[in-house]
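Chemist: This is entry-v4.cif (mmCIF, C-alpha atoms and all ligand atoms).
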```cif
data_protein
loop_
_atom_site.group_PDB
_atom_site.id
_atom_site.type_symbol
_atom_site.label_atom_id
_atom_site.label_comp_id
_atom_site.auth_asym_id
_atom_site.auth_seq_id
_atom_site.Cartn_x
_atom_site.Cartn_y
_atom_site.Cartn_z
ATOM 1 C CA MET H 32 13.286 21.531 -55.543
ATOM 2 C CA ILE H 33 16.101 19.063 -56.174
ATOM 3 C CA LEU H 34 16.425 15.859 -54.131
ATOM 4 C CA SER H 35 19.729 14.021 -53.777
ATOM 5 C CA GLY H 36 21.104 10.865 -52.216
ATOM 6 C CA ARG H 37 22.486 7.629 -53.654
ATOM 7 C CA ARG H 38 19.295 5.546 -53.915
ATOM 8 C CA GLU H 39 17.429 6.780 -56.984
ATOM 9 C CA LYS H 40 14.384 4.549 -56.369
ATOM 10 C CA GLU H 41 13.997 5.939 -52.842
ATOM 11 C CA LEU H 42 14.422 9.515 -54.114
ATOM 12 C CA GLN H 43 11.693 8.889 -56.723
ATOM 13 C CA ARG H 44 9.403 7.614 -53.953
ATOM 14 C CA VAL H 45 10.001 10.807 -51.929
ATOM 15 C CA ALA H 46 9.545 12.915 -55.072
ATOM 16 C CA ASN H 47 6.130 11.259 -55.655
ATOM 17 C CA THR H 48 5.072 12.193 -52.105
ATOM 18 C CA CYS H 49 6.287 15.783 -52.576
ATOM 19 C CA ASP H 50 4.517 15.917 -55.940
ATOM 20 C CA ALA H 51 1.183 15.172 -54.252
ATOM 21 C CA LEU H 52 1.858 17.630 -51.399
ATOM 22 C CA ARG H 53 3.064 20.438 -53.700
ATOM 23 C CA GLY H 54 0.164 20.244 -56.174
ATOM 24 C CA GLY H 55 2.062 18.753 -59.084
ATOM 25 C CA ARG H 56 5.387 20.560 -58.635
ATOM 26 C CA ARG H 57 7.466 17.391 -58.680
ATOM 27 C CA PRO H 58 11.003 17.732 -57.312
ATOM 28 C CA ILE H 59 13.888 16.929 -59.641
ATOM 29 C CA VAL H 60 15.845 13.830 -58.623
ATOM 30 C CA LEU H 61 19.635 14.125 -58.889
ATOM 31 C CA PRO H 62 21.287 11.028 -57.410
ATOM 32 C CA PHE H 63 25.005 11.050 -56.562
ATOM 33 C CA ASP H 64 27.506 9.719 -54.037
ATOM 34 C CA LEU H 65 28.990 12.297 -51.650
ATOM 35 C CA LYS H 66 32.145 10.185 -51.440
ATOM 36 C CA ASN H 67 32.981 11.107 -55.050
ATOM 37 C CA ILE H 68 34.447 14.501 -54.046
ATOM 38 C CA GLU H 69 36.071 15.110 -57.448
ATOM 39 C CA GLY H 70 32.695 14.774 -59.199
ATOM 40 C CA LEU H 71 30.801 17.217 -56.971
ATOM 41 C CA GLU H 72 31.673 20.392 -58.894
ATOM 42 C CA GLN H 73 30.012 18.890 -61.985
ATOM 43 C CA ILE H 74 27.018 17.797 -59.853
ATOM 44 C CA ALA H 75 26.620 21.400 -58.664
ATOM 45 C CA LYS H 76 26.751 22.603 -62.306
ATOM 46 C CA ASP H 77 24.122 19.990 -63.225
ATOM 47 C CA ALA H 78 21.932 21.160 -60.326
ATOM 48 C CA LEU H 79 22.153 24.786 -61.514
ATOM 49 C CA LYS H 80 21.352 23.655 -65.061
ATOM 50 C CA VAL H 81 18.237 21.663 -64.119
ATOM 51 C CA SER H 82 16.973 24.280 -61.663
ATOM 52 C CA PRO H 83 14.014 26.105 -63.291
ATOM 53 C CA THR H 84 15.399 29.423 -61.957
ATOM 54 C CA SER H 85 19.067 28.555 -62.735
ATOM 55 C CA ARG H 86 19.704 29.300 -59.046
ATOM 56 C CA ILE H 87 19.983 27.347 -55.847
ATOM 57 C CA ASP H 88 18.171 29.454 -53.250
ATOM 58 C CA ILE H 89 18.620 27.069 -50.317
ATOM 59 C CA LEU H 90 21.315 24.407 -50.179
ATOM 60 C CA VAL H 91 20.512 21.867 -47.443
ATOM 61 C CA LEU H 92 23.510 19.670 -46.644
ATOM 62 C CA SER H 93 22.077 16.690 -44.819
ATOM 63 C CA GLY H 94 23.654 13.550 -46.286
ATOM 64 C CA GLY H 95 25.975 11.860 -43.849
ATOM 65 C CA ILE H 96 26.959 8.727 -42.030
ATOM 66 C CA ALA H 97 27.558 7.935 -38.353
ATOM 67 C CA THR H 98 30.328 5.779 -36.927
ATOM 68 C CA ARG H 99 30.235 3.406 -33.975
ATOM 69 C CA ALA H 100 33.618 2.210 -32.702
ATOM 70 C CA LEU H 101 36.222 2.992 -30.082
ATOM 71 C CA VAL H 102 39.312 4.881 -31.295
ATOM 72 C CA GLU H 103 41.549 1.790 -31.004
ATOM 73 C CA GLU H 104 39.094 -0.203 -33.109
ATOM 74 C CA THR H 105 38.729 2.376 -35.889
ATOM 75 C CA SER H 106 40.991 2.072 -38.932
ATOM 76 C CA LEU H 107 42.450 5.346 -40.238
ATOM 77 C CA GLN H 108 40.738 4.609 -43.556
ATOM 78 C CA ILE H 109 37.343 4.903 -41.821
ATOM 79 C CA ASP H 110 38.338 8.333 -40.470
ATOM 80 C CA ILE H 111 39.362 9.424 -43.979
ATOM 81 C CA ASP H 112 36.277 8.003 -45.727
ATOM 82 C CA THR H 113 33.864 9.447 -43.153
ATOM 83 C CA MET H 114 35.566 12.837 -43.325
ATOM 84 C CA LYS H 115 35.032 12.750 -47.105
ATOM 85 C CA ILE H 116 31.306 11.999 -46.813
ATOM 86 C CA ASN H 117 30.442 14.194 -43.810
ATOM 87 C CA TYR H 118 32.831 17.109 -44.288
ATOM 88 C CA PHE H 119 34.695 17.427 -47.601
ATOM 89 C CA SER H 120 31.578 16.719 -49.688
ATOM 90 C CA ASN H 121 29.667 19.482 -47.884
ATOM 91 C CA ILE H 122 32.354 22.097 -48.377
ATOM 92 C CA ALA H 123 32.929 20.980 -51.996
ATOM 93 C CA LEU H 124 29.238 21.505 -52.806
ATOM 94 C CA THR H 125 29.199 24.830 -50.947
ATOM 95 C CA LYS H 126 32.254 26.088 -52.850
ATOM 96 C CA ALA H 127 30.748 24.945 -56.152
ATOM 97 C CA ILE H 128 27.411 26.733 -55.567
ATOM 98 C CA LEU H 129 28.954 29.810 -53.892
ATOM 99 C CA PRO H 130 29.911 31.778 -57.056
ATOM 100 C CA SER H 131 26.290 31.752 -58.231
ATOM 101 C CA MET H 132 25.030 32.795 -54.758
ATOM 102 C CA LEU H 133 27.612 35.598 -54.597
ATOM 103 C CA LYS H 134 26.649 36.773 -58.092
ATOM 104 C CA ASN H 135 22.987 36.939 -57.041
ATOM 105 C CA ARG H 136 23.891 38.362 -53.614
ATOM 106 C CA SER H 137 21.433 35.869 -52.144
ATOM 107 C CA GLY H 138 21.239 32.280 -50.990
ATOM 108 C CA HIS H 139 21.047 30.196 -47.859
ATOM 109 C CA VAL H 140 23.253 27.280 -46.835
ATOM 110 C CA ALA H 141 21.842 25.011 -44.120
ATOM 111 C CA VAL H 142 24.227 22.378 -42.833
ATOM 112 C CA ILE H 143 23.046 19.461 -40.717
ATOM 113 C CA SER H 144 25.770 19.027 -38.128
ATOM 114 C CA SER H 145 24.961 17.432 -34.761
ATOM 115 C CA ALA H 146 25.088 18.084 -31.037
ATOM 116 C CA LYS H 147 28.204 15.935 -31.442
ATOM 117 C CA GLY H 148 29.567 18.798 -33.535
ATOM 118 C CA ARG H 149 30.187 20.618 -30.236
ATOM 119 C CA ILE H 150 30.638 17.686 -27.835
ATOM 120 C CA GLY H 151 32.995 14.718 -28.198
ATOM 121 C CA MET H 152 31.535 11.422 -27.058
ATOM 122 C CA ALA H 153 32.795 7.878 -26.609
ATOM 123 C CA ASP H 154 32.386 5.309 -29.371
ATOM 124 C CA SER H 155 31.956 7.959 -32.050
ATOM 125 C CA SER H 156 35.262 9.858 -32.316
ATOM 126 C CA THR H 157 35.235 9.780 -36.119
ATOM 127 C CA TYR H 158 31.670 11.081 -36.412
ATOM 128 C CA CYS H 159 32.305 13.760 -33.746
ATOM 129 C CA ALA H 160 35.430 14.936 -35.601
ATOM 130 C CA THR H 161 33.575 15.306 -38.904
ATOM 131 C CA LYS H 162 30.756 17.270 -37.283
ATOM 132 C CA HIS H 163 33.192 19.507 -35.321
ATOM 133 C CA ALA H 164 34.953 20.212 -38.637
ATOM 134 C CA LEU H 165 31.649 21.281 -40.173
ATOM 135 C CA MET H 166 30.975 23.645 -37.261
ATOM 136 C CA GLY H 167 34.375 25.322 -37.670
ATOM 137 C CA PHE H 168 34.028 25.714 -41.416
ATOM 138 C CA TYR H 169 30.467 27.059 -41.441
ATOM 139 C CA ASP H 170 31.041 29.394 -38.450
ATOM 140 C CA ALA H 171 33.949 30.919 -40.396
ATOM 141 C CA PHE H 172 32.026 30.877 -43.695
ATOM 142 C CA ARG H 173 29.130 32.784 -42.087
ATOM 143 C CA THR H 174 31.461 35.605 -41.039
ATOM 144 C CA GLU H 175 32.622 36.004 -44.658
ATOM 145 C CA VAL H 176 29.286 35.894 -46.462
ATOM 146 C CA SER H 177 26.663 37.380 -44.130
ATOM 147 C CA SER H 178 27.399 40.912 -45.357
ATOM 148 C CA ARG H 179 27.038 39.706 -48.955
ATOM 149 C CA GLY H 180 23.446 38.475 -48.806
ATOM 150 C CA ILE H 181 24.126 34.840 -47.939
ATOM 151 C CA LYS H 182 22.679 33.163 -44.849
ATOM 152 C CA VAL H 183 24.256 30.196 -43.089
ATOM 153 C CA THR H 184 22.325 28.010 -40.634
ATOM 154 C CA SER H 185 24.051 25.244 -38.679
ATOM 155 C CA ILE H 186 21.645 22.634 -37.322
ATOM 156 C CA LEU H 187 22.645 20.618 -34.256
ATOM 157 C CA PRO H 188 20.174 17.780 -33.724
ATOM 158 C CA GLY H 189 20.332 15.520 -30.703
ATOM 159 C CA ALA H 190 18.813 12.050 -31.008
ATOM 160 C CA VAL H 191 16.398 11.657 -33.923
ATOM 161 C CA ASN H 192 14.644 8.342 -34.499
ATOM 162 C CA THR H 193 16.075 7.464 -37.943
ATOM 163 C CA ASN H 194 18.252 4.603 -39.218
ATOM 164 C CA VAL H 195 21.417 6.650 -38.615
ATOM 165 C CA ILE H 196 22.939 4.207 -36.101
ATOM 166 C CA LYS H 197 21.830 1.089 -38.001
ATOM 167 C CA ASN H 198 23.496 2.599 -41.107
ATOM 168 C CA ALA H 199 26.624 3.647 -39.158
ATOM 169 C CA LEU H 200 30.085 2.352 -40.018
ATOM 170 C CA ALA H 201 31.821 0.071 -37.541
ATOM 171 C CA GLY H 202 35.586 0.436 -37.094
ATOM 172 C CA ASP H 203 36.327 -2.145 -39.808
ATOM 173 C CA GLY H 204 34.101 -0.434 -42.371
ATOM 174 C CA LYS H 205 31.221 -2.892 -42.077
ATOM 175 C CA THR H 206 27.717 -1.580 -41.430
ATOM 176 C CA TYR H 207 27.027 -1.404 -37.688
ATOM 177 C CA GLY H 208 23.543 -2.809 -38.309
ATOM 178 C CA LYS H 209 22.106 -2.509 -34.802
ATOM 179 C CA ASP H 210 19.560 -0.141 -33.349
ATOM 180 C CA ASP H 211 20.492 2.217 -30.555
ATOM 181 C CA LYS H 212 17.982 2.549 -27.741
ATOM 182 C CA ASN H 213 18.653 6.269 -27.295
ATOM 183 C CA ASN H 214 18.122 6.964 -30.980
ATOM 184 C CA LEU H 215 14.899 4.949 -30.870
ATOM 185 C CA LYS H 216 13.811 7.319 -28.067
ATOM 186 C CA GLY H 217 14.784 10.362 -30.132
ATOM 187 C CA ILE H 218 12.359 12.833 -31.673
ATOM 188 C CA ALA H 219 10.520 11.866 -34.866
ATOM 189 C CA PRO H 220 12.291 12.819 -38.126
ATOM 190 C CA GLU H 221 9.183 14.790 -39.165
ATOM 191 C CA GLU H 222 9.458 16.943 -36.022
ATOM 192 C CA CYS H 223 13.173 17.483 -36.625
ATOM 193 C CA ALA H 224 12.466 18.441 -40.262
ATOM 194 C CA ARG H 225 9.733 20.857 -39.160
ATOM 195 C CA ARG H 226 12.133 22.579 -36.735
ATOM 196 C CA ILE H 227 14.853 22.741 -39.401
ATOM 197 C CA VAL H 228 12.402 24.515 -41.731
ATOM 198 C CA VAL H 229 11.544 27.000 -38.950
ATOM 199 C CA ALA H 230 15.258 27.697 -38.318
ATOM 200 C CA ILE H 231 15.862 28.290 -42.032
ATOM 201 C CA LYS H 232 12.781 30.537 -42.343
ATOM 202 C CA ASN H 233 13.943 32.524 -39.287
ATOM 203 C CA GLU H 234 17.459 32.715 -40.779
ATOM 204 C CA ASP H 235 18.865 31.474 -37.460
ATOM 205 C CA PRO H 236 22.662 31.158 -37.526
ATOM 206 C CA GLU H 237 22.429 28.067 -35.338
ATOM 207 C CA ALA H 238 19.624 25.803 -34.158
ATOM 208 C CA ILE H 239 19.981 23.173 -31.453
ATOM 209 C CA ILE H 240 17.202 20.615 -31.897
ATOM 210 C CA ALA H 241 17.817 18.436 -28.888
ATOM 211 C CA GLY H 242 16.399 17.331 -25.565
ATOM 212 C CA ALA H 243 17.243 18.755 -22.152
ATOM 213 C CA GLY H 244 20.227 16.413 -21.544
ATOM 214 C CA ALA H 245 22.039 17.377 -24.725
ATOM 215 C CA ARG H 246 21.211 21.073 -24.265
ATOM 216 C CA PHE H 247 22.593 20.940 -20.724
ATOM 217 C CA CYS H 248 25.837 19.350 -21.998
ATOM 218 C CA LEU H 249 26.167 22.005 -24.701
ATOM 219 C CA ALA H 250 25.579 24.823 -22.194
ATOM 220 C CA ILE H 251 28.116 23.613 -19.633
ATOM 221 C CA ARG H 252 30.614 22.760 -22.413
ATOM 222 C CA GLY H 253 30.953 26.516 -22.922
ATOM 223 C CA LEU H 254 30.643 27.752 -19.341
ATOM 224 C CA PHE H 255 32.154 24.955 -17.256
ATOM 225 C CA PRO H 256 34.211 22.779 -19.609
ATOM 226 C CA THR H 257 35.938 20.832 -16.818
ATOM 227 C CA VAL H 258 32.601 19.775 -15.325
ATOM 228 C CA CYS H 259 31.351 18.844 -18.786
ATOM 229 C CA PHE H 260 34.450 16.736 -19.581
ATOM 230 C CA SER H 261 34.171 14.959 -16.245
ATOM 231 C CA ILE H 262 30.490 14.038 -16.854
ATOM 232 C CA LEU H 263 31.276 12.885 -20.400
ATOM 233 C CA ALA H 264 34.297 10.864 -19.210
ATOM 234 C CA LYS H 265 32.116 8.989 -16.701
ATOM 235 C CA LYS H 266 29.567 8.333 -19.432
ATOM 236 C CA GLY H 267 32.419 7.282 -21.732
ATOM 237 C CA GLN H 268 33.764 4.866 -19.130
ATOM 238 C CA ARG H 269 30.366 3.129 -19.013
ATOM 239 C CA GLU H 270 30.235 3.106 -22.810
ATOM 240 C CA VAL H 271 33.686 1.480 -23.093
ATOM 241 C CA LEU H 272 32.658 -1.243 -20.626
ATOM 242 C CA GLN H 273 29.509 -1.886 -22.618
ATOM 243 C CA VAL H 274 31.360 -2.017 -25.956
ATOM 244 C CA LYS H 275 33.860 -4.436 -24.417
ATOM 245 C CA GLY H 276 30.948 -6.760 -23.637
ATOM 246 C CA MET H 277 30.319 -5.942 -20.001
ATOM 247 C CA GLY H 278 26.832 -4.488 -20.574
ATOM 248 C CA ALA H 279 24.294 -3.449 -23.185
ATOM 249 C CA HIS H 280 25.666 -1.110 -25.852
ATOM 250 C CA GLY H 281 24.433 2.424 -26.339
ATOM 251 C CA ALA H 282 24.300 4.670 -23.284
ATOM 252 C CA ALA H 283 25.022 7.914 -25.084
ATOM 253 C CA LYS H 284 22.202 10.436 -25.173
ATOM 254 C CA VAL H 285 23.602 12.936 -27.687
ATOM 255 C CA SER H 286 23.493 11.909 -31.381
HETATM 256 N N1 LIG T 1 19.410 10.744 -36.510
HETATM 257 C C1 LIG T 1 20.089 11.402 -35.598
HETATM 258 O O1 LIG T 1 19.988 11.133 -34.373
HETATM 259 C C2 LIG T 1 20.995 12.541 -36.011
HETATM 260 C C3 LIG T 1 21.484 13.384 -35.002
HETATM 261 C C4 LIG T 1 22.333 14.419 -35.357
HETATM 262 C C5 LIG T 1 22.660 14.626 -36.692
HETATM 263 N N2 LIG T 1 22.174 13.803 -37.641
HETATM 264 C C6 LIG T 1 22.563 14.056 -39.046
HETATM 265 O O2 LIG T 1 21.413 14.158 -39.857
HETATM 266 C C7 LIG T 1 21.765 13.825 -41.213
HETATM 267 C C8 LIG T 1 20.739 12.846 -41.759
HETATM 268 O O3 LIG T 1 20.883 11.608 -41.047
HETATM 269 P P1 LIG T 1 19.672 10.615 -40.723
HETATM 270 O O4 LIG T 1 19.471 10.617 -39.256
HETATM 271 O O5 LIG T 1 18.508 10.901 -41.621
HETATM 272 O O6 LIG T 1 20.361 9.219 -41.079
HETATM 273 P P2 LIG T 1 20.009 8.136 -42.187
HETATM 274 O O7 LIG T 1 18.610 7.680 -42.029
HETATM 275 O O8 LIG T 1 21.107 7.123 -42.133
HETATM 276 O O9 LIG T 1 20.093 8.954 -43.562
HETATM 277 C C9 LIG T 1 21.330 9.360 -44.093
HETATM 278 C C10 LIG T 1 21.078 10.173 -45.342
HETATM 279 O O10 LIG T 1 22.332 10.528 -45.923
HETATM 280 C C11 LIG T 1 22.396 10.043 -47.281
HETATM 281 N N3 LIG T 1 23.756 9.559 -47.543
HETATM 282 C C12 LIG T 1 24.528 8.779 -46.726
HETATM 283 N N4 LIG T 1 25.707 8.509 -47.325
HETATM 284 C C13 LIG T 1 25.679 9.146 -48.529
HETATM 285 C C14 LIG T 1 26.592 9.231 -49.609
HETATM 286 N N5 LIG T 1 27.791 8.622 -49.579
HETATM 287 N N6 LIG T 1 26.232 9.943 -50.700
HETATM 288 C C15 LIG T 1 25.019 10.555 -50.760
HETATM 289 N N7 LIG T 1 24.125 10.528 -49.764
HETATM 290 C C16 LIG T 1 24.440 9.807 -48.670
HETATM 291 C C17 LIG T 1 21.381 8.897 -47.338
HETATM 292 O O11 LIG T 1 20.847 8.695 -48.621
HETATM 293 P P3 LIG T 1 21.289 7.403 -49.521
HETATM 294 O O12 LIG T 1 21.357 6.239 -48.604
HETATM 295 O O13 LIG T 1 20.229 7.299 -50.576
HETATM 296 O O14 LIG T 1 22.603 7.772 -50.096
HETATM 297 C C18 LIG T 1 20.287 9.427 -46.392
HETATM 298 O O15 LIG T 1 19.452 10.338 -47.072
HETATM 299 C C19 LIG T 1 23.189 13.269 -41.141
HETATM 300 O O16 LIG T 1 24.106 14.269 -41.534
HETATM 301 C C20 LIG T 1 23.369 12.941 -39.663
HETATM 302 O O17 LIG T 1 24.722 12.993 -39.264
HETATM 303 C C21 LIG T 1 21.335 12.761 -37.346
#
```
What does this structure look like when you write it as C-alpha cells?
Ligand SMILES: NC(=O)c1ccc[n+]([C@@H]2O[C@H](COP(=O)([O-])OP(=O)(O)OC[C@H]3O[C@@H](n4cnc5c(N)ncnc54)[C@H](OP(=O)(O)O)[C@@H]3O)[C@@H](O)[C@H]2O)c1
Modeler:
Amino acid sequence: MILSGRREKELQRVANTCDALRGGRRPIVLPFDLKNIEGLEQIAKDALKVSPTSRIDILVLSGGIATRALVEETSLQIDIDTMKINYFSNIALTKAILPSMLKNRSGHVAVISSAKGRIGMADSSTYCATKHALMGFYDAFRTEVSSRGIKVTSILPGAVNTNVIKNALAGDGKTYGKDDKNNLKGIAPEECARRIVVAIKNEDPEAIIAGAGARFCLAIRGLFPTVCFSILAKKGQREVLQVKGMGAHGAAKVS
C-alpha cells in the first residue's frame, strides 16, 4: 500500500496506524503535491518502483480541494488552480499508471468525485466544474478499458464530516476556514471509507454515498431536469442571500 498527500508527518501517522492494523505491513509513504502536474509522471514511476509487486492494483484518486465563493467573486486563477488539483492531476496519474495496467490486463481506478459531480450548486461553481469534468473523463475511460481487464469506479459522496469546507479555497485564493453546518451533519469519514471499499470490492462502476436529499436531487436531475433546476435555483437564491450577509452561510445539502 502506498499513501500520498502533501503532509509527510500526517502520512507517517496514518502509516503507523495501518501498520498496527495490518500486522506489520507498513504502507509506503510517497508525499507529493497534486498541483505539480508536470512532476506526476515521475511520481507514478516512483510508485511503481517502490511497489513490492511492481504493480499498482488499485489506484484511489481522493486528493482534492473544495471551493466556496460565488462566480462573480471567484478569480479565474482559482478555477485554473482547482482544475489542476481536482481534475488534471487525477487524469495525469491515471495516464501514467495506465500502460502498466494495460500490460497486466488488470487494475482498478477508483476516483472520488462528488454528488456535485452531477449537480451544480450555488457557491461552489469551481468545485462542481472540476467534479463534473472527472465524471465525464472516467465515464468515457471506463468504456475504453472495461474490455481490457481494467475496472473504473466513480464515487459520488454527499456530505461527509471532514475538514473539506474548512480547507476550501475562497474566491481570492485564501483558505475559507469556516465549518459548514451541513458538512458537520454529514456521515463519518470512516463510514464513507467503508462504503468506498465495498464499492471497489463489488467492482461497481458508480457508487452514490449520500443521504436521501442528495439522492433525490440526483434522481430527478436525470428524469425531470427542469424540476431539479428549479429546486436548486431556489436553494441557490437563499445561498446567495446568505453569502451576501443576509443570513447564516451554508444551506447546501450536497457536498
Ligand atoms: N467531505 C465531503 O463532504 C466530500 C463530499 C464529496 C466529495 N468529497 C471528496 O473527497 C475527497 C477527500 O476530501 P476530504 O473530505 O477528506 O477533505 P479534506 O479533509 O480536506 O482532505 C483532502 C485530502 O486531499 C489531499 N490534498 C489536498 N490538496 C492536495 C494537493 N495539492 N496535493 C496532494 N494532496 C492534496 C489532502 O492531503 P494533504 O493536505 O496532506 O495534501 C487530504 O488528504 C476530495 O476529493 C473531496 O472533493 C468530499
Chemist: Determine, counting only C-alpha atoms, which protein, DNA and RNA residues have an atom within 12 Å of an atom of stretch 242-256 of chain H; residues of the same chain fewer than 4 positions away are not included. Present the result as a PyMOL selection string.
Modeler: chain H and resi 145-152+187-191+213-214+216-218+223+238+260-264+266+283-286
Chemist: List every protein, DNA or RNA residue that has at least one atom no more than 8 Å from (28.4, 4.0, -38.3) in the file's coordinates, counting all atoms listed in the file, and write the result as a ChimeraX atom specification.
Modeler: /H:96-100,195-201,206-207
Chemist: Which of these, H:Glu175, H:Glu270, H:Asp210, H:Glu72, has the shortest distance to ligand LIG 1 (chain T) once you count only C-alpha atoms and all ligand atoms?
Modeler: H:Asp210
Chemist: The residues within 10 Å of (28.2, 34.0, -41.9), using all atoms listed in the file and the coordinates of the file, should be reported as an mmCIF file with C-alpha atoms, keeping the file's coordinate frame; which are they?
Modeler:
```
data_model
loop_
_atom_site.group_PDB
_atom_site.id
_atom_site.type_symbol
_atom_site.label_atom_id
_atom_site.label_comp_id
_atom_site.auth_asym_id
_atom_site.auth_seq_id
_atom_site.Cartn_x
_atom_site.Cartn_y
_atom_site.Cartn_z
ATOM 1 C CA VAL H 140 23.253 27.280 -46.835
ATOM 2 C CA TYR H 169 30.467 27.059 -41.441
ATOM 3 C CA ASP H 170 31.041 29.394 -38.450
ATOM 4 C CA ALA H 171 33.949 30.919 -40.396
ATOM 5 C CA PHE H 172 32.026 30.877 -43.695
ATOM 6 C CA ARG H 173 29.130 32.784 -42.087
ATOM 7 C CA THR H 174 31.461 35.605 -41.039
ATOM 8 C CA GLU H 175 32.622 36.004 -44.658
ATOM 9 C CA VAL H 176 29.286 35.894 -46.462
ATOM 10 C CA SER H 177 26.663 37.380 -44.130
ATOM 11 C CA SER H 178 27.399 40.912 -45.357
ATOM 12 C CA ARG H 179 27.038 39.706 -48.955
ATOM 13 C CA GLY H 180 23.446 38.475 -48.806
ATOM 14 C CA ILE H 181 24.126 34.840 -47.939
ATOM 15 C CA LYS H 182 22.679 33.163 -44.849
ATOM 16 C CA VAL H 183 24.256 30.196 -43.089
ATOM 17 C CA THR H 184 22.325 28.010 -40.634
ATOM 18 C CA PRO H 236 22.662 31.158 -37.526
#
```
Chemist: Taking into account only C-alpha atoms and all ligand atoms, which residue in the set H:Ile68, H:Ile143, H:Leu90, H:Cys49 is nearest to ligand LIG 1 (chain T)?
Modeler: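 Using only C-alpha atoms and all ligand atoms, ligand LIG 1 (chain T) sits closest to H:Ile143.
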Chemist: Kindly provide, as JSON, the centre and edge lengths (Å, one decimal) of an axis-aligned box around all atoms of ligand LIG 1 (chain T) given in the file, with 4 Å on each side.
Modeler:
```
{"center_x": 23.1, "center_y": 10.4, "center_z": -42.6, "size_x": 17.3, "size_y": 16.4, "size_z": 24.4}
```
Chemist: Using the chain letters and numbers from the file, which residues does the PyMOL selection byres (((chain H and resi 32-47) around 6) and not hetatm) grab, as a VMD selection string?
Modeler: chain H and resid 48 to 50 58 to 64
Chemist: Can you work out the spacing between atom CA of H:Asn233 and atom O11 of ligand LIG 1 (chain T) in Å, to one decimal?
Modeler: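 According to the coordinates, atom CA of H:Asn233 and atom O11 of ligand LIG 1 (chain T) are separated by 26.5 Å.
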Chemist: Selected by the PyMOL selection byres (((chain H and resi 226) around 12) and not hetatm) in the shown coordinates: which residues, as a VMD selection string?
Modeler: chain H and resid 186 to 188 218 to 225 227 to 233 235 237 to 241
Chemist: May I ask which of the residues H:Val91, H:Val81, H:Leu124, H:Val142 is the closest one to H:Glu69, counting all atoms listed in the file?
Modeler: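 Comparing H:Val91, H:Val81, H:Leu124, H:Val142 against H:Glu69, the winner is H:Leu124.
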Chemist: Neighbours of H:Gly204 within 9 Å (all atoms listed in the file; same-chain residues fewer than 6 positions away dropped), as a list in words?
Modeler: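 Neighbouring residues, sequence-local ones excluded: Thr105, Ser106, Gln108 and Ile109 of chain H.
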Chemist: Take atom CA of H:Asn135 and atom CA of H:Lys76 and report the distance between them in Å, one decimal.
Modeler: 15.7 Å
Chemist: Just how far from atom CA of H:Arg86 is atom CA of H:Ile128, in Å to one decimal?
Modeler: 8.8 Å
Chemist: Which of these residues is nearest to ligand LIG 1 (chain T), using only C-alpha atoms and all ligand atoms: H:Leu79, H:Cys159, H:Leu133, H:Cys259?
Modeler: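 Closest candidate: H:Cys159.
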Chemist: Out of H:Val102, H:Gly94, H:Ile87, H:Lys115, which residue has the shortest atom-to-atom distance to H:Lys66 when counting only C-alpha atoms?
Modeler: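 Looking only at the distances to H:Lys66, the closest residue turns out to be H:Lys115.
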Chemist: H:Ile89, H:Ile111, H:Val274, H:Leu165: which is nearest H:Met132, counting all atoms listed in the file?
Modeler: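 The closest residue to H:Met132 is H:Ile89.
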